[in-house]
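This report refers to the structure that appears directly beneath it.
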Amino acid sequence: MTIIKRGFAALAAGALSTALAVPAIAEPVKFDFWFGLSGDLARVVDTLCKNFNASQKDYEVVCTSQGNYDATLQNTIAAFRAGKQPTVVQVYDVGTATMMLSGAYKPADKLMEENGYKIDYSDYFPGIARYYATSKGEMLSFPFNSSTALMYWNKDAFAKIGKTEAPKTWEDVGADLKALKDAGYDCPMAINISANESWQLMEQFSALHNQPIATKNNGYDGLDARLEVNKTKFVQYVTDLKKWYDAGLIKIKSKDLGQDMVQAFATGTCQLILTSVGDHGTVGRTQKEGMSWDVAELPVYAGTERKNSLVGGASLWVLSGKSDAEYKGAAAFLNFIHDPKTALFWSTNTGYIPVTKSGFNFMKSNGFYDKAPYKGREVAIASLTASEPTEITRGIRLGNFTQIRAEFGTQMQAIFANKVSVQEGLDTLVKNGDAILERFQQTYPGKTLP
Amino acid sequence: MEKRVTFGRWTIGILFAVPQLILIFTFFYWPAGQAVYWSLTLQQPWGGGNIWVGLDNFRSILANADYWNSITASMIFAGISTGLAMVIALVLAALTDRQLAGSWLYRVVLIWPYGIAAPALALAFRFILAPEAGFMAVVNKVWPGFWDPGLDGADAMASVIIAFSWKYVGYNFIFFLAALQAIPRSLIEAAAMDGSGVIRRFWDIQFPLITPTIFFLLVINITESFQDSFGIVDIMTAGGPANATNLMVYKIYSDGFKGLDYSGAAAQSIILMLLIIALTIVQFRFIERRVHYR
C-alpha cells in the first residue's frame with residue numbers, strides 16, 4: 001500500500017515539476033509550498049501566496065493544500081524519497097522531532113543568513129520559538145500558524161450562579177460546575193477524550209503546572225526519554241475529570257456523537273469548554289443569538305505557580321536538495337511571512353495568533369484587540385507568555401508523538417468507560433508510549449537530536 | 001477429438017504471456033516483495049537508512065496485546081458482518097425472485113448501496129447512529145444511555161458492522177438474484193404442483209442449487225471485510241473507543257501512515273495477507289465439499 005501510494009505521489013510530483021520547471025529567462029522562479037490546512041484556512045493561505053507573488057516579480061510560490069497535517073507529512077516523505085520534494089513544507093508541532101532527525105531539511109536560520117536576510121530571533125515569543133528551536137536555541141524552521149488552548153465560558157450561565165469572572169483554579173471549576181448543575185444546566189462542561197485532546201488536557205495542563213510529560217526534559221535532551229505522566233499532577237487532574245463526569249458535571253461531546261464541543265458551547269448547550277484560540281472565530285460566527293461569552297486562561301490547581309502554556313500549530317521547513325534560486329525564493333517567502341503586516345492579515349482572517357512581539361505590537365497599535373469579534377484573543381498571548389519557558393515548558397520533543405496521542409485517546413476512553421482505573425489507564429499509556437519511543441530510538445541508532 | 005491450437009516454438013507462448021507477467025510483477029510481486037523486505041528491517045521514514053532486524057518486527061507485534069485485540073476485533077467484524085450481509089441479501093433476493101408486486105422496483109433499488117463510496121456511507125451512518133442527533137437519539141430518549149458508541153465498544157462495533165453489512169447486502173443481492181433466476185422455472189412449478197409450500201421449495205430446491213453462489217460470496221465477503229472496512233472505520237470511529245474497532249487493516253494504516261512506522265506496518269500487512277490466505281484455504285478445503293456444482 002505504502003509503495004503504491006509512494007509511486008502515485010512520485011508520479012504526481014513528477015508531473016507537477018515537469019509542468020512547472022523549465023524557467024525561461026525573466027520568468028519568475030517557481031517553487032512549491034505544501035501545507036496541511038483545508039477549507040476556509042486553505043483559502044487564506046492561497047490569498048497569502050497571491051499577495052506574496054504580487055509583492056515582487058522574481059519568485060512565484062505555488063501553494064498546494066495536502067488536506068491535513070498527517071497527509072502533508074506523508075506526501076512530503078513520499079515525494080522526498082522520490083526526489084520530488086517541495087521547497088517549503090508546513091509540518092505540525094509534534095512532527096518536529098521527526099523532522100529534526102530526517103536529515104532532509106535546510107536549517108531556516110542558515111538559509112536566511114545565506115540569502116542576506118537579517119531576522120531578529122529574539123523577536124519571536126520565547127514560548128513559540130523554543131518549541132521549534134534546537135536544544136541550543138537554533139531555529140531550524142519558522143513558526144507559522146500558532147495557537148494555544150483557552151477556556152471558553154458562558155457569561156450568562158455564570159451570571160445565574162452569581163459569578164462575573166471565569167474560575168481561575170480547578171477547585172473553583174469543580175464548585176462552579178456543581179452550582180451550574182444545581183441551577184438547572186444539564187451540561188455544565190464539555191470535553192472530548194480522543195487523541196486530539198491530548199493537547200489541551202495533557203500537554204497544556206502539564207506545562208502550566210511545570211510538570212514533565214517525559215524524562216530528559218520532555219525529550220529535548222535525548223532520544224532515550226520515556227513518559228512519566230503516570231506519576232505527576234496529571235493523575236489528580238484525570239481523577240477529578242472522571243469524578244465530575246460520573247457526577248454528570250461533564251459531558252463528552254464529539255463529532256461522532258452528533259455535536260462536537262465547540263458546537264455544544266456555541267449553541268449554549270454546554271457552558272464551559274477547553275479548546276484552541278483558533279476556535280474563537282468559529283464560536284463568534286456560529287454562536288446562539290445574543291449569547292454572552294468570553295475566553296480565559298486555562299485554570300490551574302490552587303497553589304500552583306502558573307507557567308507559560310504551549311504553542312500549538314505548525315512551522316515551515318525548507319527541504320534539502322533544491323536549487324539556489326529556489327532557496328532564494330523560499331527565503332524571500334519566509335521573510336514575507338515574518339513581516340508584521342502579514343501577521344495582521346493572517347490573524348485577522350484566521351484565529352491564529354501573531355508569533356512575533358513586533359507582529360503583536362503592530363496589531364495592538366492597529367486596535368485589533370479592542371473590539372469584537374477579535375477582543376479576547378490577546379488572552380492567548382498572555383497565556384503563552386505567562387512565564388519564561390522552563391526546561392519543561394518549552395515544548396515536547398518526542399518521536400512518533402502522534403502515536404502517543406492516539407494512545408492517550410485510547411486509555412482515556414478506557415478510563416471513562418470504567419474498564420480500568422485512572423492509575424491503571426495512565427500506567428498503560430506510559431507503558432505503550434514507551435514502546436513507541438523505544439522503537440523510534442531503535443530506528444535512528446547513533447543519532448542525536450540537534 | 002479435441003482440437004488444440006499449438007505453437008511451433010515455446011518462445012511464442014512465452015512472448016504472449018510476457019505483458020501479463022510484467023503487469024503482475026510490477027503491481028503485485030514487486031510491492032509485495034518490498035513489503036516483505038521492509039518487514040525484516042527498521043526503515044527510517046525519510047529514507048536515511050535501514051537496519052536489518054530479522055524477525056524482530058514480527059516478534060514485537062505478536063507479543064503486543066493490542067495486536068491480538070485487533071485480530072479478535074477483525075474476526076468478530078468479519079463473522080458478523082458477513083453473516084448479516086449474506087442472510088439479509090438472500091432473504092431479499094428470494095422475495096424479489098417470487099415476483100411479488102413491485103419487485104421490479106426492488107431489483108433496481110437494492111443494488112444501489114454497493115455503489116456508494118465507503119466514506120460517504122460512513123458519514124451517513126455516523127449521522128443516523130449518532131446518539132444525540134440522529135435516529136438513535138429517539139431511542140436514547142426512551143431508554144437513556146442505551147446507545148453510546150462514543151464509550152461503549154460493543155455499540156461502536158455494532159455501528160461499523162451495520163454500515164458495512166448495509167453496503168454488502170446490495171452486492172450480495174445481485175449475485176443471489178442472478179443465481180435464483182438461473183434456476184429453471186419448471187423445477188419450482190413442478191414442486192408447487194406437488195403441493196410443497198414456499199419455504200419447502202426454497203430449502204429443497206433453490207438453496208441447494210445456489211450453493212456455488214453462496215460459497216463464492218462467502219469467500220468474497222470474508223476477504224472484503226478484512227480489507228474494505230477501512231473507510232468506514234476511519235470516518236465512524238477511528239478505531240475507538242479504547243481500540244474496540246481497531247481492525248487489522250485500520251491498525252496498519254494508523255501505525256504506518258500516521259505513526260511513520262513503515263516496518264511495523266509492513267510486518268502487519270504480511271500477517272494480514274497470510275491470515276486471509278489461510279482463511280481462504282480453509283474455506284475451499286472444508287466448505288467447498290458441501291457445494292454442488294451443476
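Letters for chains follow the order of the C-alpha cells (A, B, ...), residue numbers begin at 1 for each chain, and ligand numbers begin at 1 in the order shown.
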Residues of chain A near chain B: apply a cut-off of 8 Å, count only C-alpha atoms, and supply the list as number ranges by chain.
A: 1, 3-4, 70, 74, 77, 80-81, 102-104, 256-259, 400-403, 409-414, 416-417, 442-444
Requested write-out: C-alpha atoms of the selected residues, as a JSON list (two decimals), in the first residue's frame:
```json
[["chain", "number", "residue", "atom", "x", "y", "z"],
["A", 1, "MET", "CA", 0.00, 0.00, 0.00],
["A", 3, "ILE", "CA", 4.67, 1.64, -2.11],
["A", 4, "ILE", "CA", 1.76, 2.21, -4.41],
["A", 70, "ASP", "CA", -0.72, 13.91, 8.57],
["A", 74, "GLN", "CA", 3.22, 11.59, 4.46],
["A", 77, "ILE", "CA", 8.15, 11.96, 2.77],
["A", 80, "PHE", "CA", 11.32, 13.31, -0.83],
["A", 81, "ARG", "CA", 12.13, 9.63, -1.30],
["A", 102, "SER", "CA", 15.25, 13.33, 8.98],
["A", 103, "GLY", "CA", 18.38, 14.97, 7.61],
["A", 104, "ALA", "CA", 16.09, 16.26, 4.88],
["A", 256, "ASP", "CA", -19.11, 11.08, 16.22],
["A", 257, "LEU", "CA", -21.82, 11.55, 18.83],
["A", 258, "GLY", "CA", -23.60, 14.29, 16.90],
["A", 259, "GLN", "CA", -22.15, 17.52, 18.23],
["A", 400, "ASN", "CA", 6.21, 9.49, 16.85],
["A", 401, "PHE", "CA", 4.22, 11.67, 19.24],
["A", 402, "THR", "CA", 1.15, 11.26, 17.01],
["A", 403, "GLN", "CA", 1.01, 7.63, 18.11],
["A", 409, "GLY", "CA", -7.18, 8.77, 23.47],
["A", 410, "THR", "CA", -7.40, 5.01, 23.81],
["A", 411, "GLN", "CA", -6.56, 4.97, 27.51],
["A", 412, "MET", "CA", -8.79, 7.95, 28.37],
["A", 413, "GLN", "CA", -11.68, 6.15, 26.67],
["A", 414, "ALA", "CA", -10.93, 3.02, 28.67],
["A", 416, "PHE", "CA", -14.08, 6.91, 31.18],
["A", 417, "ALA", "CA", -15.83, 3.69, 30.19],
["A", 442, "GLN", "CA", 15.99, 2.00, 17.54],
["A", 443, "THR", "CA", 15.11, 3.39, 14.11],
["A", 444, "TYR", "CA", 17.72, 6.11, 14.49]]
```
Among range 203-364 of chain A, which residues does DSSP mark as helix (DSSP H, G or I) when it is run on the backbone? Keep the chain and numbering as in the structure and answer as a PyMOL selection string.
chain A and resi 203-208+215-218+229-231+234-246+255-257+261-266+277-286+324-338+340-349+357-364
Which is closer to Leu62 in chain B than all the others in B:Leu100, B:Ile271, B:Leu21, B:Ile199, using only C-alpha atoms?
B:Ile271
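On the backbone of this structure, DSSP gives strand (DSSP E or B) within range 187-345 of chain A to Cys187, Met189, Ala190, Ile191, Ala214, Leu227, Ile250, Lys251, Ile252, Cys270, Leu272, Ile273, Leu274, Thr275, Ser276, Trp293, Asp294, Val295, Ala296, Val300, Gly312, Gly313, Ala314, Ser315, Leu316, Trp317, Val318 and Leu319 of chain A.
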The selected residues should be written to file as a compact mmCIF listing (two decimals), in the first residue's frame (atoms: C-alpha atoms).
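For reference, again.txt as written:
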```txt
# COMPACT_ATOMS: atom_id res chain seq x y z
CA CYS A 187 -24.19 20.17 30.58
CA MET A 189 -18.79 21.47 30.90
CA ALA A 190 -17.99 19.58 27.72
CA ILE A 191 -14.81 17.67 26.94
CA ALA A 214 8.62 12.70 29.69
CA LEU A 227 6.96 9.07 29.55
CA ILE A 250 -19.00 16.98 32.47
CA LYS A 251 -20.44 15.60 29.26
CA ILE A 252 -18.47 14.07 26.42
CA CYS A 270 -22.62 23.41 27.38
CA LEU A 272 -17.51 25.61 29.62
CA ILE A 273 -15.00 24.14 27.18
CA LEU A 274 -11.23 23.99 26.77
CA THR A 275 -10.10 24.46 23.21
CA SER A 276 -7.76 26.34 20.90
CA TRP A 293 -19.30 34.59 26.40
CA ASP A 294 -15.61 35.15 26.87
CA VAL A 295 -12.28 33.36 27.00
CA ALA A 296 -9.86 32.99 29.89
CA VAL A 300 -4.52 25.63 37.43
CA GLY A 312 0.18 24.51 19.02
CA GLY A 313 0.09 24.63 15.25
CA ALA A 314 2.82 24.21 12.70
CA SER A 315 6.08 25.59 11.41
CA LEU A 316 7.58 25.98 7.95
CA TRP A 317 10.51 23.76 6.98
CA VAL A 318 12.75 24.26 3.97
CA LEU A 319 13.78 20.93 2.49
```
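The protein and nucleic acid residues lying at most 7 Å from Ser358 in chain A are Asp123, Pro340 and Phe362 of chain A, with only C-alpha atoms considered and sequence neighbours fewer than 4 positions away removed.
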Selection above as a file: N, CA and C atoms, as a PDB file, in the first residue's frame:
```pdb
ATOM      1  N   ASP A 123      12.860  38.313  18.602  1.00  0.00           N
ATOM      2  CA  ASP A 123      11.561  38.942  18.418  1.00  0.00           C
ATOM      3  C   ASP A 123      10.422  37.925  18.557  1.00  0.00           C
ATOM      4  N   PRO A 340       5.335  41.982  10.041  1.00  0.00           N
ATOM      5  CA  PRO A 340       4.188  42.253  10.924  1.00  0.00           C
ATOM      6  C   PRO A 340       2.880  42.472  10.159  1.00  0.00           C
ATOM      7  N   PHE A 362       2.244  45.521  16.495  1.00  0.00           N
ATOM      8  CA  PHE A 362       1.665  46.149  15.306  1.00  0.00           C
ATOM      9  C   PHE A 362       0.147  45.974  15.308  1.00  0.00           C
TER      10      PHE A 362
END
```
Could you build a table of the residues in range 255-346 of chain A lying no more than 10 Å from range 114-120 of chain A, giving for each the nearest pair of atoms and their separation in Å rounded to one decimal place, using only C-alpha atoms, ordered by chain and ascending residue number, as JSON lines?
```
{"residue": "A:Asp324", "atom": "CA", "partner": "A:Asn115", "partner_atom": "CA", "distance": 9.5}
{"residue": "A:Tyr327", "atom": "CA", "partner": "A:Asn115", "partner_atom": "CA", "distance": 8.2}
{"residue": "A:Lys328", "atom": "CA", "partner": "A:Asn115", "partner_atom": "CA", "distance": 6.2}
{"residue": "A:Gly329", "atom": "CA", "partner": "A:Asn115", "partner_atom": "CA", "distance": 9.5}
{"residue": "A:Ala330", "atom": "CA", "partner": "A:Asn115", "partner_atom": "CA", "distance": 9.7}
{"residue": "A:Ala331", "atom": "CA", "partner": "A:Asn115", "partner_atom": "CA", "distance": 6.8}
{"residue": "A:Ala332", "atom": "CA", "partner": "A:Tyr117", "partner_atom": "CA", "distance": 8.3}
{"residue": "A:Leu334", "atom": "CA", "partner": "A:Tyr117", "partner_atom": "CA", "distance": 9.8}
{"residue": "A:Asn335", "atom": "CA", "partner": "A:Tyr117", "partner_atom": "CA", "distance": 7.4}
{"residue": "A:His338", "atom": "CA", "partner": "A:Ile119", "partner_atom": "CA", "distance": 8.6}
```
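Here the question is which of A:Ser38, A:Ser146, A:Gln287, A:Ser55 gets nearest to Ala266 in chain A using only C-alpha atoms, and that residue is A:Gln287.
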If you count only C-alpha atoms, which residues fall within 10 Å of Glu189 in chain B, apart from same-chain ones fewer than 6 positions away, as a short mmCIF file (atom, residue, chain, number, x, y, z; two decimals) with C-alpha atoms, in the first residue's frame?
```cif
data_model
loop_
_atom_site.label_atom_id
_atom_site.label_comp_id
_atom_site.auth_asym_id
_atom_site.auth_seq_id
_atom_site.Cartn_x
_atom_site.Cartn_y
_atom_site.Cartn_z
CA GLY B 195 -48.08 -29.32 -3.10
CA SER B 196 -44.89 -28.01 -1.46
CA ARG B 201 -39.41 -25.20 -2.16
#
```
Who sits within 9 Å of Ser292 in chain A, only C-alpha atoms, same chain under 2 positions skipped, as an MDAnalysis selection string:
chainID A and resid 153:157 290 294
